[in-house]
Structure formats: C-alpha cells, structure tokens
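Below: final-v5.csv (CSV, C-alpha atoms)
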chain,number,residue,atom,x,y,z
A,1,MET,CA,-16.5,-13.7,13.6
A,2,THR,CA,-16.3,-10.0,13.2
A,3,GLY,CA,-12.6,-10.3,13.5
A,4,LEU,CA,-10.9,-6.9,13.2
A,5,THR,CA,-13.2,-4.0,12.8
A,6,LEU,CA,-12.1,-0.5,12.1
A,7,VAL,CA,-14.1,2.6,11.3
A,8,ARG,CA,-12.9,5.8,9.6
A,9,ARG,CA,-14.9,9.0,8.9
A,10,ILE,CA,-13.6,10.5,5.7
A,11,ARG,CA,-14.2,14.0,4.3
A,12,ALA,CA,-14.8,12.7,0.8
A,13,ARG,CA,-18.0,11.4,-0.9
A,14,PRO,CA,-18.5,7.6,-1.0
A,15,GLN,CA,-17.8,7.5,-4.8
A,16,VAL,CA,-14.4,8.9,-4.3
A,17,VAL,CA,-13.6,6.5,-1.5
A,18,PHE,CA,-15.0,3.6,-3.5
A,19,ASP,CA,-12.7,4.4,-6.4
A,20,ALA,CA,-9.7,4.6,-4.0
A,21,VAL,CA,-10.5,1.1,-2.8
A,22,THR,CA,-11.3,-0.6,-6.1
A,23,THR,CA,-9.0,0.8,-8.7
A,24,ALA,CA,-5.3,0.0,-9.2
A,25,GLU,CA,-4.4,3.7,-9.2
A,26,GLY,CA,-6.3,4.2,-5.9
A,27,ILE,CA,-4.9,1.2,-4.2
A,28,ALA,CA,-1.3,2.1,-5.2
A,29,ARG,CA,-1.7,5.3,-3.1
A,30,TRP,CA,-2.6,3.8,0.3
A,31,TRP,CA,-2.0,0.1,0.6
A,32,GLY,CA,0.6,-0.8,3.1
A,33,PRO,CA,1.4,-0.3,6.8
A,34,ASP,CA,4.0,2.5,6.4
A,35,ALA,CA,5.2,5.1,3.9
A,36,GLY,CA,7.0,2.5,1.8
A,37,PRO,CA,6.0,2.4,-1.9
A,38,VAL,CA,3.4,0.2,-3.6
A,39,LEU,CA,5.4,-1.7,-6.3
A,40,VAL,CA,2.5,-3.4,-8.1
A,41,ALA,CA,-1.2,-2.7,-8.0
A,42,GLU,CA,-3.7,-4.6,-10.1
A,43,ALA,CA,-7.4,-4.7,-9.6
A,44,GLU,CA,-10.2,-5.9,-11.8
A,45,ALA,CA,-13.2,-4.6,-9.9
A,46,ARG,CA,-16.0,-7.0,-10.8
A,47,VAL,CA,-17.4,-10.0,-9.0
A,48,GLY,CA,-14.9,-12.8,-9.6
A,49,GLY,CA,-12.2,-10.3,-10.7
A,50,ARG,CA,-8.7,-10.5,-9.0
A,51,TYR,CA,-6.5,-8.0,-7.4
A,52,ARG,CA,-2.8,-8.1,-6.5
A,53,VAL,CA,-0.8,-5.6,-4.5
A,54,ARG,CA,2.9,-5.7,-3.8
A,55,PHE,CA,4.5,-3.2,-1.5
A,56,ARG,CA,7.9,-2.5,0.1
A,57,MET,CA,8.1,-1.4,3.7
A,58,LEU,CA,10.5,1.2,5.0
A,59,ASP,CA,12.5,-1.7,6.5
A,60,THR,CA,13.0,-2.8,2.8
A,61,SER,CA,11.0,-6.0,3.2
A,62,GLU,CA,8.5,-6.7,0.4
A,63,HIS,CA,5.1,-8.2,0.8
A,64,GLU,CA,2.4,-9.2,-1.6
A,65,SER,CA,-1.3,-9.8,-1.0
A,66,SER,CA,-3.9,-10.9,-3.5
A,67,GLY,CA,-7.4,-12.1,-3.7
A,68,GLU,CA,-10.7,-12.0,-5.5
A,69,PHE,CA,-13.6,-9.5,-5.4
A,70,LEU,CA,-16.6,-11.4,-4.0
A,71,GLU,CA,-19.1,-8.6,-3.9
A,72,ILE,CA,-19.2,-5.2,-5.4
A,73,VAL,CA,-22.0,-2.7,-4.8
A,74,ARG,CA,-20.9,0.7,-6.1
A,75,PRO,CA,-20.4,2.9,-4.1
A,76,GLU,CA,-21.5,1.1,-1.0
A,77,ARG,CA,-19.8,-2.1,-0.4
A,78,VAL,CA,-16.8,-4.2,-1.4
A,79,VAL,CA,-16.1,-7.8,-0.2
A,80,MET,CA,-12.8,-9.5,-1.1
A,81,SER,CA,-10.9,-12.6,-0.2
A,82,TRP,CA,-7.4,-11.8,0.9
A,83,ARG,CA,-4.2,-13.7,1.5
A,84,TRP,CA,-0.5,-13.0,1.9
A,85,LYS,CA,1.7,-14.5,-0.8
A,86,GLY,CA,4.3,-16.9,0.6
A,87,GLY,CA,5.6,-15.9,3.9
A,88,VAL,CA,6.3,-18.3,6.7
A,89,GLU,CA,3.3,-17.2,8.7
A,90,ASP,CA,0.7,-17.4,5.9
A,91,PRO,CA,-2.5,-17.8,7.9
A,92,GLY,CA,-4.5,-18.9,4.9
A,93,GLU,CA,-7.3,-17.0,3.1
A,94,SER,CA,-9.4,-14.5,4.9
A,95,ARG,CA,-12.1,-12.0,4.1
A,96,VAL,CA,-12.2,-8.2,3.9
A,97,GLU,CA,-15.4,-6.3,3.9
A,98,ILE,CA,-15.6,-2.6,3.3
A,99,THR,CA,-18.8,-0.7,3.8
A,100,LEU,CA,-19.3,2.9,2.9
A,101,LYS,CA,-22.1,4.9,4.4
A,102,PRO,CA,-22.8,8.5,3.4
A,103,ILE,CA,-22.7,10.9,6.3
A,104,PRO,CA,-23.0,14.8,6.3
A,105,GLU,CA,-19.3,15.3,6.3
A,106,GLY,CA,-18.6,12.6,3.7
A,107,THR,CA,-18.3,8.9,4.2
A,108,GLU,CA,-18.2,6.5,7.1
A,109,LEU,CA,-16.0,3.6,6.2
A,110,THR,CA,-16.4,0.4,8.2
A,111,PHE,CA,-13.7,-2.2,7.6
A,112,VAL,CA,-13.9,-5.8,8.7
A,113,HIS,CA,-11.2,-8.4,8.3
A,114,SER,CA,-12.3,-11.8,9.4
A,115,GLN,CA,-10.3,-15.0,9.4
A,116,LEU,CA,-13.1,-17.4,8.7
A,117,LYS,CA,-13.9,-17.5,5.1
A,118,ASP,CA,-16.9,-19.9,5.2
A,119,GLU,CA,-20.0,-17.8,5.2
A,120,GLU,CA,-22.1,-20.3,7.2
A,121,THR,CA,-19.4,-20.8,9.9
A,122,ARG,CA,-18.9,-17.1,10.0
A,123,ARG,CA,-22.5,-16.3,10.6
A,124,SER,CA,-23.0,-18.9,13.2
A,125,HIS,CA,-20.0,-17.6,15.1
A,126,THR,CA,-20.5,-13.9,14.8
A,127,GLU,CA,-22.2,-13.5,18.2
A,128,GLY,CA,-19.7,-15.6,20.0
A,129,TRP,CA,-16.8,-13.9,18.4
A,130,VAL,CA,-17.5,-10.4,19.5
A,131,GLY,CA,-17.6,-11.4,23.2
A,132,ALA,CA,-14.8,-13.9,22.7
A,133,LEU,CA,-12.5,-11.3,21.5
A,134,ASP,CA,-13.4,-8.8,24.2
A,135,LYS,CA,-12.8,-11.4,26.8
A,136,LEU,CA,-9.6,-12.5,25.1
A,137,GLU,CA,-8.3,-9.0,25.2
A,138,ALA,CA,-9.1,-8.8,28.9
A,139,LEU,CA,-7.6,-12.2,29.7
A,140,PHE,CA,-4.6,-11.5,27.7
A,141,ALA,CA,-4.0,-8.2,29.4
A,142,ALA,CA,-4.1,-9.9,32.8
A,143,ILE,CA,-1.5,-12.6,31.9
A,144,PRO,CA,2.0,-11.7,32.6
A,145,VAL,CA,4.3,-12.3,29.6
A,146,ALA,CA,6.6,-15.2,30.3
B,1,MET,CA,1.9,-22.7,8.0
B,2,VAL,CA,-1.0,-25.1,8.1
B,3,ASN,CA,-0.3,-25.8,11.8
B,4,TYR,CA,-0.3,-22.1,12.5
B,5,LYS,CA,-3.7,-21.7,10.8
B,6,ALA,CA,-5.1,-24.8,12.5
B,7,ARG,CA,-3.9,-23.6,15.9
B,8,LEU,CA,-5.5,-20.2,15.4
B,9,ASP,CA,-8.8,-21.8,14.4
B,10,ARG,CA,-8.7,-24.1,17.4
B,11,THR,CA,-8.0,-21.2,19.8
B,12,PHE,CA,-10.7,-19.0,18.4
B,13,MET,CA,-13.2,-21.8,18.3
B,14,ALA,CA,-12.5,-22.7,21.9
B,15,LEU,CA,-13.0,-19.1,22.9
B,16,VAL,CA,-16.4,-18.8,21.2
B,17,ASP,CA,-18.2,-20.6,24.0
B,18,PRO,CA,-19.2,-18.5,27.1
B,19,THR,CA,-18.8,-21.4,29.5
B,20,ARG,CA,-15.3,-22.1,28.3
B,21,ARG,CA,-14.4,-18.4,28.6
B,22,ALA,CA,-15.8,-18.5,32.2
B,23,ILE,CA,-13.6,-21.5,32.9
B,24,LEU,CA,-10.6,-19.6,31.6
B,25,ALA,CA,-11.5,-16.6,33.6
B,26,GLN,CA,-11.6,-18.7,36.8
B,27,LEU,CA,-8.2,-20.2,36.0
B,28,GLU,CA,-6.9,-16.7,35.4
B,29,ARG,CA,-7.9,-15.7,38.9
B,30,ARG,CA,-6.4,-18.7,40.6
B,31,ASP,CA,-4.0,-20.9,38.7
B,32,GLY,CA,-4.5,-24.5,39.3
B,33,ALA,CA,-8.0,-25.7,40.2
B,34,SER,CA,-9.6,-29.1,40.4
B,35,ILE,CA,-12.4,-30.0,38.0
B,36,SER,CA,-15.0,-30.0,40.7
B,37,GLU,CA,-13.8,-26.5,41.8
B,38,LEU,CA,-14.1,-25.3,38.3
B,39,ALA,CA,-17.6,-26.9,37.9
B,40,LYS,CA,-19.0,-25.3,41.0
B,41,PRO,CA,-20.2,-21.9,39.6
B,42,PHE,CA,-22.0,-23.6,36.7
B,43,THR,CA,-25.5,-25.1,36.5
B,44,ILE,CA,-24.3,-27.7,34.0
B,45,ARG,CA,-23.2,-31.1,35.1
B,46,LEU,CA,-19.7,-32.4,35.6
B,47,PRO,CA,-19.5,-34.4,32.3
B,48,ALA,CA,-20.4,-31.3,30.4
B,49,VAL,CA,-17.6,-29.3,32.1
B,50,MET,CA,-15.2,-32.2,31.3
B,51,LYS,CA,-16.2,-31.9,27.6
B,52,HIS,CA,-15.5,-28.2,27.7
B,53,LEU,CA,-12.1,-28.9,29.3
B,54,ASP,CA,-11.4,-31.4,26.5
B,55,VAL,CA,-11.9,-28.6,23.9
B,56,LEU,CA,-9.8,-26.2,25.9
B,57,ALA,CA,-7.0,-28.8,26.3
B,58,ASP,CA,-7.1,-29.6,22.5
B,59,ALA,CA,-6.7,-25.9,21.8
B,60,GLY,CA,-3.7,-25.9,24.2
B,61,LEU,CA,-5.4,-23.4,26.4
B,62,VAL,CA,-5.3,-25.5,29.6
B,63,THR,CA,-3.2,-28.4,30.8
B,64,ARG,CA,-4.5,-31.2,33.1
B,65,SER,CA,-2.2,-33.1,35.5
B,66,LYS,CA,-3.3,-35.9,37.7
B,67,SER,CA,-2.0,-36.5,41.2
B,68,GLY,CA,-3.8,-39.3,43.0
B,69,ARG,CA,-7.5,-38.9,42.4
B,70,THR,CA,-7.3,-35.2,41.8
B,71,VAL,CA,-6.9,-33.6,38.3
B,72,THR,CA,-5.5,-30.1,38.4
B,73,VAL,CA,-6.3,-27.8,35.6
B,74,ARG,CA,-3.9,-25.0,34.7
B,75,LEU,CA,-4.1,-22.1,32.3
B,76,ARG,CA,-1.7,-22.1,29.3
B,77,PRO,CA,-1.7,-18.7,27.8
B,78,GLN,CA,0.6,-19.2,24.7
B,79,PRO,CA,-2.2,-19.9,22.2
B,80,MET,CA,-4.0,-16.7,23.4
B,81,ARG,CA,-0.9,-14.7,22.8
B,82,GLU,CA,-0.7,-16.1,19.3
B,83,ALA,CA,-4.3,-15.2,18.7
B,84,MET,CA,-3.7,-11.7,20.0
B,85,GLU,CA,-0.6,-11.4,17.8
B,86,TRP,CA,-2.7,-12.3,14.8
B,87,LEU,CA,-5.2,-9.6,15.6
B,88,ARG,CA,-2.5,-7.0,16.4
B,89,ARG,CA,-0.6,-7.7,13.2
B,90,TYR,CA,-3.6,-7.1,11.1
B,91,GLU,CA,-4.7,-4.1,13.2
B,92,ARG,CA,-1.3,-2.4,12.6
B,93,PHE,CA,-1.4,-3.2,8.9
B,94,TRP,CA,-4.9,-2.0,8.3
B,95,SER,CA,-5.0,0.9,10.7
B,96,SER,CA,-2.2,2.7,9.0
B,97,SER,CA,-3.4,1.6,5.5
B,98,LEU,CA,-6.8,3.1,6.2
B,99,ASP,CA,-5.2,6.3,7.5
B,100,ARG,CA,-3.4,6.6,4.2
B,101,LEU,CA,-6.6,5.8,2.4
B,102,THR,CA,-8.4,8.6,4.3
B,103,ALA,CA,-5.7,11.1,3.4
B,104,PHE,CA,-5.7,10.1,-0.2
B,105,ALA,CA,-9.6,10.2,-0.6
B,106,GLU,CA,-9.7,13.6,1.1
B,107,SER,CA,-7.1,15.0,-1.2
B,108,LYS,CA,-9.0,13.6,-4.1
B,109,GLU,CA,-12.2,15.2,-2.9
B,110,ALA,CA,-10.5,18.5,-2.4
B,111,GLU,CA,-9.1,18.3,-5.9
B,112,ILE,CA,-12.6,17.6,-7.3
B,113,ARG,CA,-14.0,20.6,-5.4
B,114,ARG,CA,-11.3,22.9,-6.6
B,115,ARG,CA,-12.1,21.9,-10.2
B,116,GLY,CA,-15.7,22.8,-9.4
B,117,ARG,CA,-17.1,19.3,-9.0
If you took the structure in this file and wrote it as structure tokens, what would it be?
Amino acid sequence: MTGLTLVRRIRARPQVVFDAVTTAEGIARWWGPDAGPVLVAEAEARVGGRYRVRFRMLDTSEHESSGEFLEIVRPERVVMSWRWKGGVEDPGESRVEITLKPIPEGTELTFVHSQLKDEETRRSHTEGWVGALDKLEALFAAIPVA
Amino acid sequence: MVNYKARLDRTFMALVDPTRRAILAQLERRDGASISELAKPFTIRLPAVMKHLDVLADAGLVTRSKSGRTVTVRLRPQPMREAMEWLRRYERFWSSSLDRLTAFAESKEAEIRRRGR
C-alpha cells in the first residue's frame, strides 16, 4: 500500500532537511501535531539504530512513538519503522519513508506512511492500494453518517 | 488492540480487489441487492462472486440475509469509517508535523545563508 502520502516543497537544501529528520535536535523541533513541546527526542541514525520521541499536545495529553531506522541514504532517503507506545488504539507497527529530491528552490520531500510492514505484502498490494483508497474516499463520502 | 489492527487489515485487504470495490459501489447506489443482481455486471461466474462476497462479509463490509430462496446483500459502512479514521488520524498528525519540519528547515537554511554558507 502507499498508505498516506504527503509532499512538501521546502526552501532548504536536502542536507538541511535530512539533518532535521534524522537528528534528535532536529526532531525535537517539529515532531508532533500541534505547537505542544517535544519532551524527549532520541535518534541514532544508522541502519538498525533506534529513535524515540515523546511529545505533549496542547490538550496536555502525552504521546510517545518509537522505532528503528531501516534504511538511511544521506541526504536522500530515510525509512523507519514506527509505532505508538501504549495507547488503547495501538494499530501495531507501521513504516515511514521519507524521500528527499533536490529541486531548484530546495528540496521536495515525499512522505509515505504505510500500515503494512511486510515488504513483500506491501509490494504486491501497492497497485491495489492506490485505487482502493481513492474508491474508499469516494464511497465514504457518499455514505451518510449514522 | 489486536482486534483493531486485524479489523483494519481485513478492511484494507477486502478493498484491494477491484471486483469487490465494484460490488460495494453497486451496493452504495442501491442498498439491498440479491446475489444474482450483483453478479450481473461482471463477466465472472456466480461462484466467484460468492467468494468475493465471503471476503467482504468477513471484513464486515456487507451483511447477507436470507428470506426464502433469496439472499439479500447490504452494505455495512462501519469498517470503512474505521479505515478512514485511521487514515485521517495519521494525516492530521503528519501534515502538521511536516509543516513544522518545513518551517524549521527553512529557518535553518536561512541561518546558514546569513552566516555565508
């Protein structure tokens, strides 16, 4: 599956973006869904190295996610496993892929978060997923909320 | 926890197949159809359609009820809502995180340039 895909064009060179993604100091500056603080940021950016991020949201709830760096190609690509710590809705381990492409104004960042962690399964379903999710979106939009 | 994950997997797996999505789309247009009505637009045979319906029913995406000799298939949207919720939750999380990442990287870049690379 391609899961969730997001693209950002950033006015900074890939090296700078790469460091922001793979160092504890960098992660501490942006990780989290709102302006709440990052409380803990640890990252050992090598294949097999771990990272851990704990942040507090503005509603005072605290969340922690952690995982392992699976691929690191500086300054082009980072793949990491990812999971929430605890939490009643822990959906298990997932996979985050960040690809950095140099463009004239800086860097194009492509972010993919997929649920299926098994590479083989993932590959075999990639095609189906894209369409499935488009259709899902359309179907869902058409269904009145009960 | 495990159930939630297993349910999501089943939902997404069920939705991967184009025939199954077409069946759901039909049910979305008119709720409650017989199996032969559902099979009509497809070139595949009835047993194959039944198999697809089994997968959809296992994922909780359709229900089947029998009255006399007719089986009526109905859409059950809850698992799709759950799947959408999964996507939305992560989208919210990452979208704002990446906005912050963008702002941070751009300020870093500006700083480097001010210092003359």
- Gap from CA of Ser34 in chain B to CA of Ser67 in chain B - Å, one decimal: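 So the answer is 10.6 Å.
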- Message: If I take CA of Arg95 in chain A and CA of Glu44 in chain A, how far is one from the other in Å, to one decimal?
- Response: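 Atom-to-atom, CA of Arg95 in chain A to CA of Glu44 in chain A, that is 17.1 Å.
With only C-alpha atoms as the atoms that count, the minimum distance from chain B to the choices A:Thr99, A:Ser66, A:Ser114, A:Ser81 is reached by A:Ser114.
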- Query: Which one is closest to Val78 in chain A: A:Arg9, A:Arg46, A:His63, A:Arg56? Count all atoms listed in the file.
  - Reply: A:Arg46
- Task: Write down, as a list in words, each residue of chain B that has any atom within 6 Å of an atom of chain A, counting all atoms listed in the file.
- Result: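 Residues satisfying the distance criterion: Met1, Lys5, Leu15, Val16, Phe93, Ser96, Ser97, Arg100, Leu101, Thr102, Ala105, Glu106 and Glu109 of chain B.
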- Query: What is the distance between CA of Val73 in chain A and CA of Pro104 in chain A, in Å to one decimal?
  - Reply: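 A separation of 20.7 Å between them.
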Counting all atoms listed in the file, find residues at most 8 Å from (-5.8, -4.6, -9.4) (file frame) and give them as a PDB file with C-alpha atoms, in the coordinates of the input.
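Written out: part-v1.pdb:
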ATOM      1  CA  THR A  22     -11.300  -0.600  -6.100  1.00  0.00           C
ATOM      2  CA  THR A  23      -9.000   0.800  -8.700  1.00  0.00           C
ATOM      3  CA  ALA A  24      -5.300   0.000  -9.200  1.00  0.00           C
ATOM      4  CA  ILE A  27      -4.900   1.200  -4.200  1.00  0.00           C
ATOM      5  CA  ALA A  41      -1.200  -2.700  -8.000  1.00  0.00           C
ATOM      6  CA  GLU A  42      -3.700  -4.600 -10.100  1.00  0.00           C
ATOM      7  CA  ALA A  43      -7.400  -4.700  -9.600  1.00  0.00           C
ATOM      8  CA  GLU A  44     -10.200  -5.900 -11.800  1.00  0.00           C
ATOM      9  CA  ALA A  45     -13.200  -4.600  -9.900  1.00  0.00           C
ATOM     10  CA  ARG A  50      -8.700 -10.500  -9.000  1.00  0.00           C
ATOM     11  CA  TYR A  51      -6.500  -8.000  -7.400  1.00  0.00           C
ATOM     12  CA  ARG A  52      -2.800  -8.100  -6.500  1.00  0.00           C
ATOM     13  CA  VAL A  53      -0.800  -5.600  -4.500  1.00  0.00           C
TER      14      VAL A  53
END
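With all atoms listed in the file taken into account, the protein and nucleic acid residues at most 9 Å from Gly36 in chain A (excluding it and anything under 5 positions from it in its own chain) are A:Phe55, A:Arg56, A:Met57, A:Leu58, A:Asp59, A:Thr60.
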